Each structure stands twice: as structure tokens, then as C-alpha cells.
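Shown below: protein14.cif, with mmCIF, C-alpha atoms.
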```cif
data_work
#
loop_
_atom_site.label_atom_id
_atom_site.label_comp_id
_atom_site.auth_asym_id
_atom_site.auth_seq_id
_atom_site.Cartn_x
_atom_site.Cartn_y
_atom_site.Cartn_z
CA MET J 1 87.96 73.43 77.71
CA ALA J 2 91.49 72.08 77.85
CA ASN J 3 93.42 72.99 80.98
CA ILE J 4 96.20 75.12 79.52
CA LEU J 5 98.11 75.45 82.80
CA GLN J 6 98.41 71.72 83.47
CA LYS J 7 100.76 71.56 80.49
CA TYR J 8 103.17 73.84 82.36
CA PHE J 9 102.39 72.74 85.92
CA PRO J 10 101.56 69.03 86.02
CA MET J 11 101.11 69.10 89.82
CA ILE J 12 97.77 70.88 89.30
CA ARG J 13 94.97 68.58 90.41
CA THR J 14 91.61 67.98 88.81
CA ARG J 15 88.39 69.43 90.13
CA GLU J 16 87.28 65.94 91.21
CA GLU J 17 90.47 65.40 93.24
CA VAL J 18 90.18 68.74 95.04
CA TRP J 19 86.48 68.27 95.75
CA GLN J 20 87.05 64.75 97.05
CA GLU J 21 89.56 66.02 99.63
CA ILE J 22 87.18 68.78 100.73
CA SER J 23 84.18 66.48 101.02
CA GLU J 24 86.08 63.90 103.06
CA LYS J 25 87.09 66.36 105.82
CA GLU J 26 84.35 67.91 107.92
CA LYS J 27 86.45 70.98 108.76
CA LEU J 28 87.11 71.76 105.09
CA LEU J 29 83.52 71.10 104.12
CA GLU J 30 82.32 73.53 106.80
CA ILE J 31 84.63 76.26 105.49
CA TYR J 32 83.52 75.57 101.92
CA ARG J 33 79.84 75.85 102.82
CA GLN J 34 80.38 79.28 104.37
CA TRP J 35 81.20 80.69 100.93
CA ASN J 36 78.62 81.70 98.37
CA ARG J 37 78.41 79.89 95.03
CA GLU J 38 80.60 82.39 93.20
CA GLN J 39 83.32 82.15 95.85
CA GLN J 40 83.21 78.34 95.79
CA GLU J 41 83.69 78.36 92.03
CA GLU J 42 86.53 80.88 92.25
CA PHE J 43 88.37 78.69 94.76
CA LEU J 44 87.99 75.51 92.70
CA ASP J 45 88.95 77.35 89.51
CA PHE J 46 92.31 78.58 90.74
CA CYS J 47 93.17 75.36 92.58
CA THR J 48 92.54 73.33 89.42
CA GLY J 49 94.10 75.72 86.89
CA ASN J 50 90.81 76.56 85.23
CA LYS J 51 91.77 80.13 86.12
CA GLY J 52 95.12 81.49 87.13
CA ILE J 53 95.91 82.27 90.75
CA LYS J 54 95.72 85.86 91.95
CA ILE J 55 99.28 86.43 93.09
CA LEU J 56 98.19 89.57 94.95
CA TYR J 57 96.51 87.38 97.57
CA ASP J 58 98.41 88.16 100.74
CA ALA J 59 99.70 84.63 101.40
CA PHE J 60 100.87 84.07 97.82
CA PHE J 61 102.53 87.48 97.51
CA LYS J 62 104.44 87.09 100.76
CA GLU J 63 105.48 83.55 99.84
CA ILE J 64 106.81 84.51 96.42
CA LEU J 65 108.41 87.85 97.35
CA ASN J 66 109.58 86.83 100.80
CA PRO J 67 112.65 89.03 101.42
CA GLU J 68 114.08 86.52 103.89
CA SER J 69 113.81 83.28 101.92
CA ALA J 70 114.17 84.68 98.38
CA PRO J 71 115.56 88.24 98.62
CA GLU J 72 116.78 88.25 95.01
CA ARG J 73 113.18 88.38 93.73
CA LEU J 74 112.17 91.46 95.67
CA GLU J 75 115.57 92.99 94.91
CA GLU J 76 114.98 92.63 91.19
CA PHE J 77 111.42 93.93 91.42
CA LEU J 78 112.47 96.99 93.45
CA SER J 79 115.49 97.63 91.22
CA LEU J 80 113.16 97.87 88.22
CA ILE J 81 110.69 100.13 90.05
CA LEU J 82 113.26 102.47 91.61
CA GLU J 83 115.55 102.39 88.55
CA GLN J 84 118.61 101.69 90.67
CA LYS J 85 120.41 98.62 91.97
CA VAL J 86 118.73 97.36 95.13
CA LYS J 87 120.34 95.01 97.65
CA ILE J 88 118.32 94.07 100.73
CA LEU J 89 120.27 94.43 103.96
CA LYS J 90 117.53 93.26 106.35
CA VAL J 91 113.79 93.00 106.87
CA LEU J 92 112.29 95.44 109.34
CA PRO J 93 109.30 94.72 111.59
CA ASN J 94 106.07 96.20 110.30
CA ASP J 95 103.86 95.49 113.28
CA THR J 96 104.37 98.74 115.15
CA VAL J 97 101.35 100.94 115.63
CA ARG J 98 100.71 103.12 112.60
CA ILE J 99 99.57 106.71 112.77
CA ALA J 100 95.97 106.63 114.04
CA ASP J 101 96.13 102.83 113.71
CA GLU J 102 94.97 103.15 110.08
CA SER J 103 95.73 99.65 108.83
CA TYR J 104 92.43 98.98 107.06
CA LEU J 105 92.51 98.57 103.30
CA VAL J 106 96.21 97.68 103.50
CA ILE J 107 96.32 94.05 102.46
CA MET J 108 100.04 93.53 102.65
CA ASP J 109 103.13 95.48 103.45
CA ILE J 110 106.79 94.52 103.45
CA VAL J 111 109.37 96.87 104.99
CA ILE J 112 113.02 96.37 104.14
CA GLU J 113 116.29 98.21 104.69
CA MET J 114 118.53 98.39 101.64
CA GLU J 115 122.30 98.22 101.44
CA ASP J 116 122.62 102.03 101.47
CA HIS J 117 120.39 102.02 104.62
CA SER J 118 117.44 103.63 102.85
CA ILE J 119 114.02 102.11 103.65
CA ALA J 120 111.37 100.80 101.28
CA ASN J 121 107.81 99.97 102.20
CA VAL J 122 105.96 97.88 99.61
CA GLU J 123 102.18 97.87 99.97
CA VAL J 124 99.39 96.20 98.04
CA GLN J 125 95.99 97.84 98.29
CA LYS J 126 92.89 96.13 96.94
CA ILE J 127 90.81 99.31 96.82
CA GLY J 128 92.32 102.70 95.98
CA TYR J 129 92.23 104.98 98.97
CA LEU J 130 90.22 108.13 99.05
CA PHE J 131 92.78 110.95 99.52
CA ALA J 132 95.58 108.57 98.51
CA GLY J 133 98.25 111.27 98.66
CA GLN J 134 97.42 112.37 102.18
CA ARG J 135 97.39 108.83 103.54
CA SER J 136 100.63 107.93 101.79
CA ALA J 137 102.30 111.04 103.19
CA CYS J 138 101.25 110.02 106.70
CA TYR J 139 102.57 106.48 106.20
CA SER J 140 105.84 107.84 104.82
CA ALA J 141 106.16 110.21 107.78
CA ASP J 142 105.50 107.27 110.11
CA LEU J 143 108.23 105.27 108.39
CA LEU J 144 110.67 108.19 108.59
CA LEU J 145 109.94 108.73 112.30
CA ARG J 146 110.44 105.03 113.05
CA GLN J 147 113.81 105.17 111.27
CA TYR J 148 114.79 108.31 113.23
CA LYS J 149 113.97 106.69 116.59
CA ARG J 150 115.76 103.47 115.70
CA VAL J 151 118.93 105.11 114.32
CA LYS J 152 119.11 107.63 117.17
CA GLY J 153 118.81 104.78 119.66
CA GLU J 154 121.60 102.87 117.93
CA LYS J 155 123.96 105.87 117.48
CA GLY J 156 123.42 107.58 120.82
CA LYS J 157 125.56 110.69 121.22
CA THR J 158 127.18 110.22 117.80
CA PHE J 159 123.81 110.57 116.06
CA SER J 160 123.56 113.05 113.18
CA TYR J 161 120.58 113.83 110.96
CA ARG J 162 122.83 112.81 108.07
CA ASP J 163 122.43 109.26 109.37
CA ILE J 164 118.77 109.32 108.28
CA LYS J 165 118.34 107.88 104.79
CA LYS J 166 115.58 108.00 102.20
CA VAL J 167 112.26 106.27 102.67
CA TYR J 168 110.40 104.94 99.64
CA THR J 169 106.67 104.26 99.77
CA ILE J 170 105.74 101.89 96.94
CA VAL J 171 102.04 101.23 96.46
CA LEU J 172 100.45 98.74 94.06
CA TYR J 173 96.73 99.33 93.58
CA GLU J 174 94.53 96.50 92.35
CA LYS J 175 91.70 99.00 91.84
CA SER J 176 92.98 102.41 90.86
CA PRO J 177 92.16 105.57 92.79
CA ARG J 178 90.35 108.19 90.76
CA GLU J 179 93.47 110.39 90.65
CA PHE J 180 95.13 108.03 88.15
CA LYS J 181 92.20 107.41 85.83
CA ASP J 182 92.91 110.48 83.72
CA PHE J 183 96.44 109.17 83.01
CA SER J 184 95.53 106.13 80.95
CA LYS J 185 98.93 105.99 79.22
CA ASN J 186 100.95 105.82 82.44
CA TYR J 187 101.00 102.86 84.84
CA ILE J 188 103.82 104.04 87.10
CA HIS J 189 103.99 107.41 88.86
CA ARG J 190 107.08 108.53 90.78
CA PHE J 191 106.98 111.46 93.21
CA SER J 192 109.82 113.29 94.94
CA GLN J 193 110.27 116.69 96.56
CA LYS J 194 111.96 119.43 94.49
CA SER J 195 112.40 123.17 94.82
CA ASP J 196 110.94 125.72 92.40
CA THR J 197 114.33 127.44 92.01
CA GLY J 198 116.64 124.53 91.30
CA VAL J 199 118.40 124.58 94.65
CA GLU J 200 119.29 121.04 95.71
CA MET J 201 118.65 119.58 99.17
CA GLU J 202 118.48 115.95 100.18
CA LEU J 203 114.85 115.59 101.15
CA LEU J 204 114.11 112.05 102.16
CA GLN J 205 110.60 111.00 101.12
CA GLU J 206 109.84 109.46 97.72
CA TYR J 207 106.76 107.68 96.44
CA VAL J 208 105.94 105.24 93.64
CA TYR J 209 102.34 104.42 92.70
CA ILE J 210 101.41 101.61 90.32
CA PRO J 211 97.71 101.41 89.38
CA LEU J 212 97.48 97.86 88.06
CA ALA J 213 94.09 98.38 86.41
CA VAL J 214 95.68 101.03 84.17
CA PHE J 215 98.58 98.66 83.48
CA ARG J 216 96.14 95.88 82.49
CA ASP J 217 94.54 98.14 79.89
CA LEU J 218 97.90 99.18 78.47
CA VAL J 219 99.38 95.68 78.29
CA HIS J 220 96.19 94.41 76.64
CA ASN J 221 96.79 96.86 73.78
CA LYS J 222 100.59 96.81 73.53
CA GLY J 223 101.75 93.53 75.06
CA ILE J 224 104.65 93.07 77.50
CA ARG J 225 107.58 95.26 76.49
CA ASN J 226 110.14 94.84 79.32
CA LYS J 227 110.97 92.98 82.53
CA LEU J 228 109.10 95.39 84.80
CA GLU J 229 105.96 94.83 82.76
CA ALA J 230 106.56 91.08 82.99
CA TRP J 231 106.59 91.38 86.79
CA LEU J 232 103.41 93.44 86.79
CA GLU J 233 101.75 90.93 84.48
CA PHE J 234 102.76 88.17 86.89
CA LEU J 235 101.20 90.07 89.77
CA SER J 236 98.00 91.16 88.06
CA THR J 237 96.75 88.49 85.66
CA ASP J 238 94.69 85.39 86.41
CA SER J 239 94.12 84.51 82.75
CA PRO J 240 95.54 81.03 81.88
CA GLU J 241 96.28 82.20 78.33
CA GLU J 242 98.23 85.23 79.55
CA ILE J 243 100.09 83.16 82.14
CA ALA J 244 101.10 80.70 79.40
CA GLU J 245 102.36 83.56 77.22
CA LEU J 246 104.28 85.01 80.16
CA VAL J 247 106.13 81.81 81.07
CA GLU J 248 106.96 81.24 77.40
CA ALA J 249 108.45 84.73 77.04
CA TYR J 250 109.99 84.85 80.54
CA PRO J 251 110.67 81.25 81.68
CA GLU J 252 111.94 82.43 85.09
CA PHE J 253 108.34 83.01 86.16
CA ARG J 254 107.51 79.34 85.65
CA LYS J 255 109.35 78.49 88.88
CA LEU J 256 107.36 81.12 90.78
CA TYR J 257 104.03 79.79 89.54
CA ALA J 258 105.16 76.24 90.33
CA GLU J 259 105.74 77.28 93.95
CA VAL J 260 102.26 78.73 94.18
CA TYR J 261 100.65 75.61 92.71
CA GLY J 262 102.75 73.60 95.13
CA LEU J 263 101.05 75.55 97.93
CA CYS J 264 97.67 74.64 96.44
CA LEU J 265 98.37 70.98 97.15
CA ASN J 266 97.78 71.86 100.80
CA VAL J 267 94.03 72.39 100.43
CA GLU J 268 93.41 73.17 104.11
CA ARG J 269 96.01 75.93 104.21
CA VAL J 270 94.80 77.48 100.95
CA MET J 271 91.16 77.36 102.07
CA GLU J 272 92.02 79.17 105.29
CA MET J 273 94.01 81.73 103.32
CA PHE J 274 91.13 82.21 100.87
CA SER J 275 88.66 82.70 103.74
CA LYS J 276 90.95 85.32 105.25
CA GLU J 277 91.13 87.14 101.90
CA LEU J 278 87.34 87.15 101.62
CA GLN J 279 86.95 88.49 105.16
CA GLU J 280 89.50 91.21 104.50
CA LEU J 281 87.84 92.13 101.22
CA ASP J 282 84.46 92.39 102.96
CA ARG J 283 86.01 94.58 105.65
CA ASN J 284 87.71 96.74 103.02
CA THR J 285 84.50 97.12 101.02
CA VAL J 286 82.56 98.19 104.11
CA GLN J 287 85.24 100.72 105.05
CA TYR J 288 85.39 101.99 101.48
CA MET J 289 81.61 102.49 101.48
CA ILE J 290 81.88 104.34 104.80
CA ASP J 291 84.57 106.60 103.32
CA GLU J 292 82.43 107.19 100.22
CA MET J 293 79.40 108.02 102.35
CA GLN J 294 81.48 110.31 104.55
CA GLU J 295 82.74 112.12 101.47
CA GLU J 296 79.16 112.53 100.26
CA ILE J 297 78.08 113.78 103.70
CA ASP J 298 80.98 116.23 103.72
CA GLY J 299 79.93 117.43 100.27
CA LYS J 300 76.33 117.92 101.43
CA GLN J 301 77.57 119.76 104.50
CA GLU J 302 79.54 122.11 102.28
CA GLU J 303 76.37 122.77 100.26
CA ILE J 304 74.43 123.44 103.46
CA ASN J 305 77.16 125.78 104.69
CA GLU J 306 77.10 127.62 101.36
CA GLN J 307 73.31 127.98 101.49
CA ARG J 308 73.60 129.19 105.08
CA ARG J 309 76.21 131.75 104.05
CA LYS J 310 73.91 133.05 101.30
CA LEU J 311 71.00 133.29 103.75
CA ASP J 312 73.19 135.19 106.19
CA GLU J 313 74.14 137.61 103.40
CA LYS J 314 70.47 138.10 102.50
CA GLU J 315 69.57 138.67 106.15
CA ALA J 316 72.38 141.20 106.43
CA LEU J 317 71.11 142.94 103.27
CA ILE J 318 67.54 143.03 104.65
CA LEU J 319 68.76 144.51 107.93
CA SER J 320 70.79 147.07 106.02
CA LEU J 321 67.75 148.04 103.88
CA GLN J 322 65.56 148.23 106.96
CA GLU J 323 68.07 150.58 108.57
CA GLU J 324 68.13 152.77 105.45
CA ILE J 325 64.30 152.88 105.42
CA LYS J 326 64.30 153.85 109.09
CA GLN J 327 66.76 156.65 108.41
CA LEU J 328 64.70 157.89 105.44
CA LYS J 329 61.55 157.95 107.58
CA GLN J 330 63.39 159.95 110.23
CA GLU J 331 64.60 162.38 107.57
CA HIS J 332 61.07 162.65 106.16
CA GLU J 333 59.60 163.40 109.62
CA LYS J 334 62.17 166.13 110.16
#
```
Kindly present the structure from the file in C-alpha cells form.
Amino acid sequence: MANILQKYFPMIRTREEVWQEISEKEKLLEIYRQWNREQQEEFLDFCTGNKGIKILYDAFFKEILNPESAPERLEEFLSLILEQKVKILKVLPNDTVRIADESYLVIMDIVIEMEDHSIANVEVQKIGYLFAGQRSACYSADLLLRQYKRVKGEKGKTFSYRDIKKVYTIVLYEKSPREFKDFSKNYIHRFSQKSDTGVEMELLQEYVYIPLAVFRDLVHNKGIRNKLEAWLEFLSTDSPEEIAELVEAYPEFRKLYAEVYGLCLNVERVMEMFSKELQELDRNTVQYMIDEMQEEIDGKQEEINEQRRKLDEKEALILSLQEEIKQLKQEHEK
């Protein structure tokens, strides 16, 4: 099969060239041998353009959407998602301890402060969380509390709650949570807090969820219709044919792919990154299975509790009948 991507990115190396570099360095060969056959093939395929690169890999995503080195890219992406002009003021540290230290399943997060001082947290999650809403609410609350502490520390006695700005939690799911599977015609879901009477108050927490699996199904049927969908196609596809169509329709993405394939020239760095992704995916899968099992256990416990409640009711009924019989006997004896 002809290598479609080499036409667009001539720096892509052949399989023989990549394998030669791996085989000549003991360290690289040791890493390579730790992978199973499928993982070895996946690595060689994306390095050689036989398949497209998964941009959602942590290292690639952070390289391409780095808010410090190329803020205009993340600004454009967020502007399209939030439907408002976004200008990044600064990047905020994201290494503080989260609520309950729940960092598993979060592959990547970028926290930025925008020009109006509102905060956006962009997360990529490989596996859709169980109880996605509850977890997101906790993360948003964590983000809001961190902003409160920081702003209050900066303002001192002049601090006012009006100094606290909105926090946006933006989540891209590679595998969609079950909540979104019944909404097959919608790939972006925006949440905000509103009253049931129409009264307006500036409540500060907003959420955007993008289930990319749903988007993939939609774009397969309808094609790319706008710039936001072009970005989501860039992030979600590893098909060489679809990548070729994307860079033809939106040439600005050619530069982004070229940067990623430039990274692939450093085989050692990419192999270490790939190993880290595999380890994280294994960890995520194990945690996901634990969560699934816990949910099943909780369900069984509810069934047991229900059965116990019914038994208690029957026992109470038996006792009540026994008491009535006792009273009838007493009446009969009288």
C-alpha cells in the first residue's frame, strides 16, 4: 500500500530506517521487546506513516496545544468550544493536590487563565468516567477553590467575591461515558447553572463535554462542516486517508502534523512517550475495571438490602399474625 502521508510529510521515515535505529541501540531494543506484538506494530505504523498519529497521546497533545509556546492554537480551539473570543493571559500550575487525589484516568490537563481572568481546565480522558457529572463537579469546585485562595491572597483586604471569575471544565472523552450514548446526534454538550424562574445570578461554574466517539460517527456520515469539527477531526483520527482530506481542506493543520512527525525523528523520545502511554492505559483500564466491579457490587448490595427489607416485612407480618392468634385464643378461653 502506498504511504499516503509521505506525500504530505516527506520527513516520515521508512519502516526499515526506524527498525534499524531501534536494533542498533540496546536501550531502544529493550524497550521495544517489552511491548507485545500488537503494540510493536502500532508504534512502527505511526512512526512510518502507515497509520496516522494519535494526537491525543499526552506528549503530542501538549506539544501541539502548548499554551506557552503556541498560545494562538489553544486560543482558537477554546474560542470555538466556548463560542466567545478567548485570549490566554497565563498558564496556571496544575500540580496541586486534587480533591481526594483523584488523578487516575486523567491523561492530560491544561489550566489557563484567560484575559477576563476566568479559568479554563482542558482535560483529555481515555476512558469515560463512571459518574462523570459528580467527578467533574468536584474538579470544578477544586478549581474554583484554588482561584479563591489565590485571588484572596493577592488582593488581601481589598478582596471581594466579585473578583472571582468563571471556571470552565472542558472534557474530551476518547471513549464516551454511557450518559452520552443516547445522544448520537450531539457531539458537544454545554452545561451551566440556571434558575427555574428566570432570575439571573452570576454563578461561576460551566462545563463542556465532547465525546469524540460520538463525533467520529457523525463526521463519518456527514463530513467536516466547520472549523471546530476540523479541530476535533485532527484530535481524533489516525486514518491516513482522513488526515490527507483534512490537510487538503484545512491546510493550517499540515504544519501541526509536520511538528508531530518531526518529533518522531527522535525515536528514543517517542518510544519512551509510547511506553508511558501504554502504562497509563493499563493503569486506567485496571481502575476502570475496579470501578465497574464496585458498581456491580453496589448493585448486588442494593438487591441484598431489598431482599432483607422484604424478609423483615414478612417477619413483622408473622409476628403480627402470631399476636392476633394469641389474642383470639385468649378471647376463646374467656
Practice task
Find the residue from J:Ala70, J:Leu311, J:Val151, J:Val214 that sits nearest to Glu233 (chain J); use all atoms listed in the file when measuring.
Solution key: J:Val214
Exercise for the section: Would you write out, as a PyMOL selection string, every residue that the PyMOL selection byres ((chain J and resi 167) around 6) captures in this file? Expected result: chain J and resi 118-120+166+168+205
Convert the current residue selection to file output with C-alpha atoms, as a PDB file, in the frame of the given file.
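Okay, out.pdb is ready:
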```
ATOM      1  CA  SER J 118     117.440 103.630 102.850  1.00  0.00           C
ATOM      2  CA  ILE J 119     114.020 102.110 103.650  1.00  0.00           C
ATOM      3  CA  ALA J 120     111.370 100.800 101.280  1.00  0.00           C
ATOM      4  CA  LYS J 166     115.580 108.000 102.200  1.00  0.00           C
ATOM      5  CA  TYR J 168     110.400 104.940  99.640  1.00  0.00           C
ATOM      6  CA  GLN J 205     110.600 111.000 101.120  1.00  0.00           C
TER       7      GLN J 205
END
```
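Once region 236-241 of chain J and its same-chain neighbours fewer than 5 positions away are set aside, Ile4, Leu5, Gly49, Asn50, Lys51, Gly52, Ile53, Lys54, Ile55, Leu56, Glu174, Leu212 and Arg216 of chain J remain within 8 Å of it when counting all atoms listed in the file.
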Next, the residues of the selection above should be written as a short mmCIF file (atom, residue, chain, number, x, y, z; two decimals), keeping the file's coordinate frame with C-alpha atoms.
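Contents of selection_6.cif, as written:
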```
data_model
loop_
_atom_site.label_atom_id
_atom_site.label_comp_id
_atom_site.auth_asym_id
_atom_site.auth_seq_id
_atom_site.Cartn_x
_atom_site.Cartn_y
_atom_site.Cartn_z
CA ILE J 4 96.20 75.12 79.52
CA LEU J 5 98.11 75.45 82.80
CA GLY J 49 94.10 75.72 86.89
CA ASN J 50 90.81 76.56 85.23
CA LYS J 51 91.77 80.13 86.12
CA GLY J 52 95.12 81.49 87.13
CA ILE J 53 95.91 82.27 90.75
CA LYS J 54 95.72 85.86 91.95
CA ILE J 55 99.28 86.43 93.09
CA LEU J 56 98.19 89.57 94.95
CA GLU J 174 94.53 96.50 92.35
CA LEU J 212 97.48 97.86 88.06
CA ARG J 216 96.14 95.88 82.49
#
```
Practice task
Tell me, as a list in words, which residues lie within 10 Å of Ile88 (chain J), counting all atoms listed in the file; anything in the same chain fewer than 2 positions away does not count.
Solution key: Pro67, Glu68, Pro71, Glu72, Leu74, Glu75, Leu78, Val86, Lys90, Val91, Ile112, Glu113, Met114, Glu115, Asp116, His117, Ser118, Ile119 and Ala120 of chain J
Practice task
Could you jot down the CA of Val18 (chain J) to CA of Asn66 (chain J) separation for me, Å, one decimal place?
Solution key: 27.1 Å
